[in-house]
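**Student:** This is the structure I have questions about; it appears just below.
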2 protein chains.
Amino acid sequence: MSREAAIYGKRRDMTVHGTEPFNAEPPRAALADRMLTPLEAFYCRNHGPVPAADAAAWRLTVDGLVARPSSWTLAGLRDRFAVHSETATLQCAGNRRAGLVEVRDIPGEAPWGPTATATARWTGVRLADVLDDAGADPAATDVAFLGTDVSEQATPPQEFGGSIPLRKARMPEVLLAWAMNGEPLAPVHGAPVRVVVPGYIGARSVKWVQRVTVADGPSENFFQASTYRLLPPDVDPATTGPGDGVPLGLVAVNSDFLAPDDGAEVPAGPTRVSGYAFAGGDRTVVRVDVSDDGGARWIQAELGEPASPWAWRHWSATVDVRPGAQEILARAWDSSAALQPADPASVWNPKGYVNNSWARLRLHGR
Amino acid sequence: MSREAAIYGKRRDMTVHGTEPFNAEPPRAALADRMLTPLEAFYCRNHGPVPAADAAAWRLTVDGLVARPSSWTLAGLRDRFAVHSETATLQCAGNRRAGLVEVRDIPGEAPWGPTATATARWTGVRLADVLDDAGADPAATDVAFLGTDVSEQATPPQEFGGSIPLRKARMPEVLLAWAMNGEPLAPVHGAPVRVVVPGYIGARSVKWVQRVTVADGPSENFFQASTYRLLPPDVDPATTGPGDGVPLGLVAVNSDFLAPDDGAEVPAGPTRVSGYAFAGGDRTVVRVDVSDDGGARWIQAELGEPASPWAWRHWSATVDVRPGAQEILARAWDSSAALQPADPASVWNPKGYVNNSWARLRLHGR
């Protein structure tokens, strides 16, 4: 086990993709059949060293296209605004990248499995209330966030940042959160305060937030303008610059298996398989299909109730496992009637983002 | 040409799927390369006879979970609320059904081609303003609309209706509209007043609206509870009832060709192909790929600027047409990084809704 996993309160059996910055995801079983993900199993995606958390010294600057620029302490936020909680799933844009790497190598990017996603109950104040208080210009288009974590992925090194449309920033589900599952935020998850943008890729839920800026365009931060962007397959990311490709934000419908484990040996016969499905933005998961015969026939999985419109749905189905090697398929539909694409090759892109192709679980019946 | 096409001000060359109710779509070329669709080329999807339009006699009832139930005349709406215009694409849930019928027959449903979609500039008042004025209960979940058109598809016959989430109903783009492209609404498009719900299937933009009801659940109208629902492939729609399948609302990313026509004979060599792409909800189209070699290689189409976040994007590309029969492919991506599914068989459903599989254009090079 990595020393860092212990330091950050994570399970001993996390798959650690990097120690500094610390990037890790849990085994599938750790996410199975539970709505809320405990701290020890919540994936970590960092872009620089974890900043020291000092709640007493923390300040949030609200500026840009606002009538009343302001600065808040944590106590000030708590005193001034109503406290709200929201259960929301976060999903890394690189979740399930391993399935794209199988199509074609993606050098320099961690081969995340299907567990760079997790769900927590977040508590804090509504960003909308803070923006209203500051008098955000309704003609502005975007709201940018800046963290205190410095990333050497940018040249020169830069604090991590990103932005979301003002329309989204004004929605009640977007929080400046200081608690996760009823506990103060852990240092590795953004203590003392982070942004939580339900339905958007995890990168927009900026941790260690120090600044909120209302603007008339997206953030020019490296992680908005130059990376976390979908590039066409034939482009070399080493040659791209700000504005190339298209920015990622909203999360497309996605799903994967959580049990049994991929490659598991199981007794032949009826076997329960289970997993998660998630759709971001204004969409929710409405159906999950499972096939044990390569997609000739699909049965509908039983869907769990989501804790909120912003949370994943767990699902399960009973499939017939035959002796020998076989592959089980799963695919989710969202409330726009969007279906996951079948083929990972069709969604392959040079940075390996948003693999939302059908989930495939290899089992060996004995 | 059908007598009805002339009566309703439509082109002589509309494909008429039915005369009573009147259902018709234009040839592809009529939609090509123009942001706004003229009245004569705007598709018609009706569920009953077109009601007589009498603007002077028209009344709108606003009721349900509201503090102040109200009734409005057209002049009253105009006087009381600010007038707004929005350019928005409407798309029938049955658009491109013909591609599903090629997979497996869909009895009793019109085989719509790719032109059951169109774009207009709509003018009216914001539904949000009317709901605010009535004091809509913020704890309500849905807003139902009822038209005056009576449909015999329901047993017993029923006025056409449907509902949308209250969250959407409060968005500024949702209108009670009396004008389309600067002209008073035509009778066949809902005169004197219709709902326009950008980003949702056309069926939710209820025409000839007479009632807006705030409620704590979706409408129980036949067209919300029993049809316009996605059923699993193995279900016989004749055996289903209210609540079966999942309701359609938000529009998934979709695209098709508008020129040349499907099956056209064209000179071999470089050939310009063009079309439309659209994504509903909070998504926009960010990329369109075109392939002239069956999908081995994709080029990116040139994208036109949309007139609004709620409007389609036209696109074009130059492909290499070889002598003989060949198929050109197109596929769109939306801002959630969702890609259209490749295979119409994967999205086939018993009522033939939401065929958003890759567009396929058959050309014959000579």
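Quick note on naming: the chains in the structure tokens go A, B, ... in the order shown, residues restart at 1 in each chain, and ligands are numbered from 1 in order of appearance.
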Taking the chain letters and numbering used in this document, name the residues of segment 98-346 of chain B that DSSP puts in strand (DSSP E or B), as number ranges by chain.
**Tutor:** B: 117-126, 136, 142-151, 158-165, 175-180, 183-184, 194-196, 200-201, 209-215, 229-230, 246-247, 250, 254-259, 265-266, 269-278, 285-291, 299-300, 302-303, 313-321, 323-334, 339
**Student:** The selected residues should be written to file as a short mmCIF file (atom, residue, chain, number, x, y, z; two decimals), in the first residue's frame (atoms: C-alpha atoms).
**Tutor:**
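For reference, again_14.cif as written:
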```cif
data_model
loop_
_atom_site.label_atom_id
_atom_site.label_comp_id
_atom_site.auth_asym_id
_atom_site.auth_seq_id
_atom_site.Cartn_x
_atom_site.Cartn_y
_atom_site.Cartn_z
CA THR B 117 -37.63 19.13 -37.23
CA ALA B 118 -37.48 22.84 -37.93
CA THR B 119 -36.43 26.14 -36.42
CA ALA B 120 -38.32 29.39 -35.92
CA ARG B 121 -38.08 32.62 -34.03
CA TRP B 122 -40.89 32.48 -31.51
CA THR B 123 -42.40 35.53 -29.83
CA GLY B 124 -44.59 35.71 -26.77
CA VAL B 125 -44.30 35.96 -23.00
CA ARG B 126 -42.23 33.90 -20.65
CA ALA B 136 -46.68 28.90 -8.40
CA ASP B 142 -44.34 19.75 -12.89
CA VAL B 143 -46.32 22.08 -15.10
CA ALA B 144 -48.98 20.57 -17.37
CA PHE B 145 -50.31 22.03 -20.60
CA LEU B 146 -53.63 21.28 -22.25
CA GLY B 147 -54.58 22.08 -25.83
CA THR B 148 -58.00 22.41 -27.39
CA ASP B 149 -57.30 19.81 -30.08
CA VAL B 150 -59.13 16.55 -29.42
CA SER B 151 -57.34 13.35 -30.33
CA GLN B 158 -58.98 13.43 -25.20
CA GLU B 159 -57.57 16.91 -25.61
CA PHE B 160 -53.85 16.80 -26.34
CA GLY B 161 -51.64 17.55 -23.35
CA GLY B 162 -48.31 16.98 -21.68
CA SER B 163 -46.06 18.32 -18.95
CA ILE B 164 -42.53 19.45 -18.19
CA PRO B 165 -40.62 19.77 -14.91
CA LEU B 175 -42.59 30.81 -23.98
CA LEU B 176 -46.30 31.17 -24.45
CA ALA B 177 -45.92 32.21 -28.08
CA TRP B 178 -48.29 33.91 -30.50
CA ALA B 179 -45.85 34.57 -33.33
CA MET B 180 -43.50 32.49 -35.44
CA GLU B 183 -45.98 36.44 -38.22
CA PRO B 184 -49.00 35.52 -36.11
CA ARG B 194 -48.95 27.73 -28.13
CA VAL B 195 -46.28 26.65 -25.69
CA VAL B 196 -42.67 26.54 -26.92
CA TYR B 200 -37.73 19.19 -25.45
CA ILE B 201 -39.50 16.92 -27.92
CA VAL B 209 -52.94 25.90 -25.33
CA GLN B 210 -55.93 26.61 -23.12
CA ARG B 211 -54.67 25.58 -19.66
CA VAL B 212 -51.46 25.65 -17.64
CA THR B 213 -51.61 23.61 -14.44
CA VAL B 214 -48.96 23.52 -11.72
CA ALA B 215 -48.87 20.07 -10.14
CA ARG B 229 -42.64 6.87 -23.95
CA LEU B 230 -39.61 4.72 -24.62
CA VAL B 246 -40.06 6.00 -19.65
CA PRO B 247 -41.42 9.41 -20.65
CA LEU B 250 -35.27 16.19 -23.34
CA ASN B 254 -29.02 13.95 -33.29
CA SER B 255 -28.11 14.87 -36.86
CA ASP B 256 -28.92 14.09 -40.47
CA PHE B 257 -28.08 15.08 -44.01
CA LEU B 258 -30.04 17.75 -45.88
CA ALA B 259 -28.12 17.80 -49.18
CA GLU B 265 -26.88 10.59 -58.42
CA VAL B 266 -23.94 13.00 -58.30
CA GLY B 269 -15.26 13.50 -57.14
CA PRO B 270 -15.26 16.04 -54.32
CA THR B 271 -18.86 16.64 -53.25
CA ARG B 272 -20.26 19.00 -50.66
CA VAL B 273 -22.63 17.35 -48.21
CA SER B 274 -24.52 19.30 -45.57
CA GLY B 275 -27.02 18.79 -42.81
CA TYR B 276 -28.23 19.75 -39.37
CA ALA B 277 -27.33 18.71 -35.85
CA PHE B 278 -29.22 19.40 -32.65
CA VAL B 285 -23.74 20.59 -30.58
CA VAL B 286 -19.96 20.96 -30.46
CA ARG B 287 -18.70 18.76 -33.31
CA VAL B 288 -19.92 16.82 -36.33
CA ASP B 289 -17.83 14.08 -37.99
CA VAL B 290 -18.35 12.87 -41.57
CA SER B 291 -16.96 9.72 -43.18
CA ILE B 299 -13.29 14.41 -41.03
CA GLN B 300 -14.73 17.23 -39.02
CA GLU B 302 -17.55 22.92 -40.74
CA LEU B 303 -20.13 24.08 -38.20
CA ARG B 313 -26.40 23.97 -36.13
CA HIS B 314 -26.01 23.50 -39.85
CA TRP B 315 -22.82 21.80 -41.00
CA SER B 316 -21.09 20.92 -44.23
CA ALA B 317 -18.13 18.88 -45.42
CA THR B 318 -16.52 17.87 -48.68
CA VAL B 319 -16.37 14.13 -49.26
CA ASP B 320 -14.93 12.02 -52.03
CA VAL B 321 -17.66 10.35 -54.07
CA PRO B 323 -18.24 5.93 -59.07
CA GLY B 324 -21.06 3.60 -58.07
CA ALA B 325 -23.12 3.25 -54.92
CA GLN B 326 -21.70 4.45 -51.64
CA GLU B 327 -22.79 5.55 -48.21
CA ILE B 328 -21.70 8.73 -46.42
CA LEU B 329 -21.91 8.77 -42.61
CA ALA B 330 -22.37 11.67 -40.20
CA ARG B 331 -22.41 11.76 -36.40
CA ALA B 332 -22.69 14.63 -33.95
CA TRP B 333 -21.25 15.20 -30.47
CA ASP B 334 -22.86 17.40 -27.85
CA LEU B 339 -21.88 10.84 -29.34
#
```
**Student:** Tell me the residues of chain B close to chain A, meaning within 6 Å using only C-alpha atoms, as a PyMOL selection string.
**Tutor:** chain B and resi 250-252+336+338+341
**Student:** Once you have the residues from the selection above, write them out as a PDB file, in the first residue's frame, restricted to all heavy atoms.
**Tutor:**
```pdb
ATOM      1  N   LEU B 250     -36.513  15.650 -22.803  1.00  0.00           N
ATOM      2  CA  LEU B 250     -35.266  16.192 -23.337  1.00  0.00           C
ATOM      3  C   LEU B 250     -34.891  15.485 -24.630  1.00  0.00           C
ATOM      4  O   LEU B 250     -35.126  14.294 -24.790  1.00  0.00           O
ATOM      5  CB  LEU B 250     -34.147  15.978 -22.313  1.00  0.00           C
ATOM      6  CG  LEU B 250     -34.315  16.745 -21.007  1.00  0.00           C
ATOM      7  CD1 LEU B 250     -33.400  16.175 -19.937  1.00  0.00           C
ATOM      8  CD2 LEU B 250     -34.018  18.215 -21.236  1.00  0.00           C
ATOM      9  N   VAL B 251     -34.267  16.226 -25.531  1.00  0.00           N
ATOM     10  CA  VAL B 251     -33.872  15.681 -26.830  1.00  0.00           C
ATOM     11  C   VAL B 251     -32.395  15.269 -26.798  1.00  0.00           C
ATOM     12  O   VAL B 251     -31.527  16.073 -26.445  1.00  0.00           O
ATOM     13  CB  VAL B 251     -34.098  16.735 -27.940  1.00  0.00           C
ATOM     14  CG1 VAL B 251     -33.570  16.231 -29.286  1.00  0.00           C
ATOM     15  CG2 VAL B 251     -35.586  17.073 -28.049  1.00  0.00           C
ATOM     16  N   ALA B 252     -32.125  14.032 -27.190  1.00  0.00           N
ATOM     17  CA  ALA B 252     -30.747  13.536 -27.290  1.00  0.00           C
ATOM     18  C   ALA B 252     -30.079  14.109 -28.538  1.00  0.00           C
ATOM     19  O   ALA B 252     -30.747  14.502 -29.499  1.00  0.00           O
ATOM     20  CB  ALA B 252     -30.746  12.017 -27.342  1.00  0.00           C
ATOM     21  N   SER B 336     -21.902  17.534 -23.681  1.00  0.00           N
ATOM     22  CA  SER B 336     -21.615  16.582 -22.609  1.00  0.00           C
ATOM     23  C   SER B 336     -20.667  15.504 -23.114  1.00  0.00           C
ATOM     24  O   SER B 336     -20.441  14.509 -22.417  1.00  0.00           O
ATOM     25  CB  SER B 336     -22.905  15.957 -22.068  1.00  0.00           C
ATOM     26  OG  SER B 336     -23.399  14.969 -22.952  1.00  0.00           O
ATOM     27  N   ALA B 338     -21.358  13.550 -25.441  1.00  0.00           N
ATOM     28  CA  ALA B 338     -22.173  12.416 -25.895  1.00  0.00           C
ATOM     29  C   ALA B 338     -22.106  12.345 -27.414  1.00  0.00           C
ATOM     30  O   ALA B 338     -22.204  13.359 -28.105  1.00  0.00           O
ATOM     31  CB  ALA B 338     -23.622  12.571 -25.444  1.00  0.00           C
ATOM     32  N   PRO B 341     -25.252   7.109 -31.095  1.00  0.00           N
ATOM     33  CA  PRO B 341     -24.928   5.685 -31.230  1.00  0.00           C
ATOM     34  C   PRO B 341     -24.833   5.301 -32.712  1.00  0.00           C
ATOM     35  O   PRO B 341     -25.516   5.878 -33.557  1.00  0.00           O
ATOM     36  CB  PRO B 341     -26.103   4.969 -30.560  1.00  0.00           C
ATOM     37  CG  PRO B 341     -26.982   6.017 -29.986  1.00  0.00           C
ATOM     38  CD  PRO B 341     -26.595   7.335 -30.567  1.00  0.00           C
TER      39      PRO B 341
END
```
**Student:** Which residues come within 10 Å of Trp112 of chain B, counting only C-alpha atoms, excluding same-chain residues fewer than 6 positions away, as a ChimeraX atom specification?
**Tutor:** /B:15-17,23-25,92-101,352
**Student:** Just to be explicit: take each residue in the selection above, keep C-alpha atoms, and write the result as a PDB file, in the first residue's frame.
**Tutor:**
```pdb
ATOM      1  CA  THR B  15     -44.372  14.188 -47.731  1.00  0.00           C
ATOM      2  CA  VAL B  16     -47.836  13.858 -46.210  1.00  0.00           C
ATOM      3  CA  HIS B  17     -47.992  11.061 -43.618  1.00  0.00           C
ATOM      4  CA  ASN B  23     -48.894  15.187 -40.557  1.00  0.00           C
ATOM      5  CA  ALA B  24     -46.278  16.215 -43.085  1.00  0.00           C
ATOM      6  CA  GLU B  25     -42.587  16.947 -43.546  1.00  0.00           C
ATOM      7  CA  CYS B  92     -40.627  15.487 -33.255  1.00  0.00           C
ATOM      8  CA  ALA B  93     -39.875  12.407 -31.125  1.00  0.00           C
ATOM      9  CA  GLY B  94     -40.644  10.387 -34.266  1.00  0.00           C
ATOM     10  CA  ASN B  95     -38.094  12.230 -36.431  1.00  0.00           C
ATOM     11  CA  ARG B  96     -35.964   9.730 -38.431  1.00  0.00           C
ATOM     12  CA  ARG B  97     -38.285   6.817 -37.550  1.00  0.00           C
ATOM     13  CA  ALA B  98     -37.823   5.513 -41.109  1.00  0.00           C
ATOM     14  CA  GLY B  99     -34.322   4.411 -40.094  1.00  0.00           C
ATOM     15  CA  LEU B 100     -35.807   2.248 -37.343  1.00  0.00           C
ATOM     16  CA  VAL B 101     -38.464   0.807 -39.642  1.00  0.00           C
ATOM     17  CA  GLY B 352     -40.070   4.104 -33.040  1.00  0.00           C
TER      18      GLY B 352
END
```
**Student:** If we count only C-alpha atoms and set the cut-off at 12 Å, which residues sit around Thr19 of chain B, ignoring sequence neighbours fewer than 5 positions away in its own chain? Please answer as a PyMOL selection string.
**Tutor:** chain B and resi 1-8+14+24+44-50+110
**Student:** Hey, can you check how far atom CA of Ala134 of chain A sits from atom CA of Phe81 of chain A?
**Tutor:**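 According to the coordinates, atom CA of Ala134 of chain A and atom CA of Phe81 of chain A are separated by 12.4 Å.
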**Student:** Using only C-alpha atoms, can you tell me which of A:Pro138, A:Pro157, A:Gly294, A:Pro107 comes closest to Lys351 of chain A?
**Tutor:**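 Answer, going by the shortest atom-to-atom distance: A:Pro107.
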**Student:** A:Val83, A:Ala55, A:Val62, A:Ala88: which is nearest Pro309 of chain A, counting only C-alpha atoms?
**Tutor:**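 Going through A:Val83, A:Ala55, A:Val62, A:Ala88 one by one, the smallest distance to Pro309 of chain A is for A:Ala88.
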**Student:** At what distance in Å, to one decimal, does atom CA of Leu166 of chain A lie from atom CA of Arg68 of chain A?
**Tutor:**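 Between atom CA of Arg68 of chain A and atom CA of Leu166 of chain A the gap is 16.9 Å.
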**Student:** Between atom CA of Pro69 of chain A and atom CA of Ala139 of chain A, measure the distance and give it in Å to one decimal.
**Tutor:**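 For atom CA of Pro69 of chain A relative to atom CA of Ala139 of chain A, the distance reads 16.5 Å.
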**Student:** List the spatial neighbours of Asp54 of chain A as a list in words - criterion: any atom at most 10 Å away, only C-alpha atoms, same-chain residues fewer than 5 positions off excluded.
**Tutor:**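 My list of contacting residues is Arg59, Pro187, Ala191 and Pro192 of chain A.
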**Student:** Mind the document's chain letters and residue numbers, and return as a PyMOL selection string the residues of segment 223-354 of chain A that DSSP labels helix (DSSP H, G or I).
**Tutor:** chain A and resi 223-225+237-239+344-347
**Student:** Residues as selected, all heavy atoms, written as a short mmCIF file (atom, residue, chain, number, x, y, z; two decimals), in the first residue's frame, can you do that?
**Tutor:**
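The result, written out as selection03.cif:
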```
data_model
loop_
_atom_site.label_atom_id
_atom_site.label_comp_id
_atom_site.auth_asym_id
_atom_site.auth_seq_id
_atom_site.Cartn_x
_atom_site.Cartn_y
_atom_site.Cartn_z
N PHE A 223 -6.59 24.46 -17.02
CA PHE A 223 -7.43 23.27 -16.91
C PHE A 223 -8.83 23.47 -17.52
O PHE A 223 -9.64 22.55 -17.58
CB PHE A 223 -7.51 22.81 -15.45
CG PHE A 223 -6.16 22.38 -14.95
CD1 PHE A 223 -5.33 23.28 -14.28
CD2 PHE A 223 -5.70 21.11 -15.20
CE1 PHE A 223 -4.06 22.89 -13.86
CE2 PHE A 223 -4.43 20.71 -14.77
CZ PHE A 223 -3.60 21.60 -14.11
N GLN A 224 -9.08 24.70 -17.97
CA GLN A 224 -10.31 24.96 -18.73
C GLN A 224 -9.98 25.21 -20.21
O GLN A 224 -10.66 24.70 -21.10
CB GLN A 224 -11.04 26.20 -18.17
CG GLN A 224 -12.36 26.53 -18.84
CD GLN A 224 -13.50 25.63 -18.40
OE1 GLN A 224 -13.59 25.25 -17.24
NE2 GLN A 224 -14.36 25.26 -19.32
N ALA A 225 -8.94 25.99 -20.45
CA ALA A 225 -8.65 26.44 -21.83
C ALA A 225 -7.80 25.46 -22.61
O ALA A 225 -7.88 25.40 -23.84
CB ALA A 225 -7.94 27.80 -21.78
N PRO A 237 -1.86 15.87 -28.82
CA PRO A 237 -2.10 16.86 -27.76
C PRO A 237 -0.87 17.70 -27.46
O PRO A 237 -1.00 18.81 -26.93
CB PRO A 237 -2.50 16.02 -26.54
CG PRO A 237 -2.44 14.60 -26.94
CD PRO A 237 -2.10 14.49 -28.38
N ALA A 238 0.31 17.20 -27.81
CA ALA A 238 1.53 17.98 -27.55
C ALA A 238 1.57 19.24 -28.42
O ALA A 238 2.30 20.18 -28.12
CB ALA A 238 2.76 17.14 -27.81
N THR A 239 0.79 19.26 -29.48
CA THR A 239 0.83 20.39 -30.41
C THR A 239 -0.36 21.34 -30.23
O THR A 239 -0.49 22.31 -30.98
CB THR A 239 0.80 19.90 -31.87
OG1 THR A 239 -0.48 19.31 -32.12
CG2 THR A 239 1.89 18.87 -32.13
N PRO A 344 -15.87 1.43 -27.81
CA PRO A 344 -14.91 2.40 -27.28
C PRO A 344 -14.09 3.06 -28.39
O PRO A 344 -13.65 4.20 -28.23
CB PRO A 344 -14.03 1.58 -26.33
CG PRO A 344 -14.25 0.16 -26.69
CD PRO A 344 -15.63 0.07 -27.29
N ALA A 345 -13.88 2.35 -29.50
CA ALA A 345 -13.09 2.96 -30.60
C ALA A 345 -13.78 4.21 -31.13
O ALA A 345 -13.13 5.16 -31.56
CB ALA A 345 -12.88 1.95 -31.72
N SER A 346 -15.13 4.23 -31.10
CA SER A 346 -15.84 5.38 -31.66
C SER A 346 -15.68 6.63 -30.79
O SER A 346 -15.85 7.74 -31.28
CB SER A 346 -17.33 5.07 -31.86
OG SER A 346 -18.01 4.98 -30.63
N VAL A 347 -15.37 6.44 -29.51
CA VAL A 347 -15.22 7.61 -28.63
C VAL A 347 -13.76 7.86 -28.24
O VAL A 347 -13.47 8.77 -27.44
CB VAL A 347 -16.10 7.50 -27.35
CG1 VAL A 347 -17.57 7.51 -27.73
CG2 VAL A 347 -15.78 6.27 -26.53
#
```
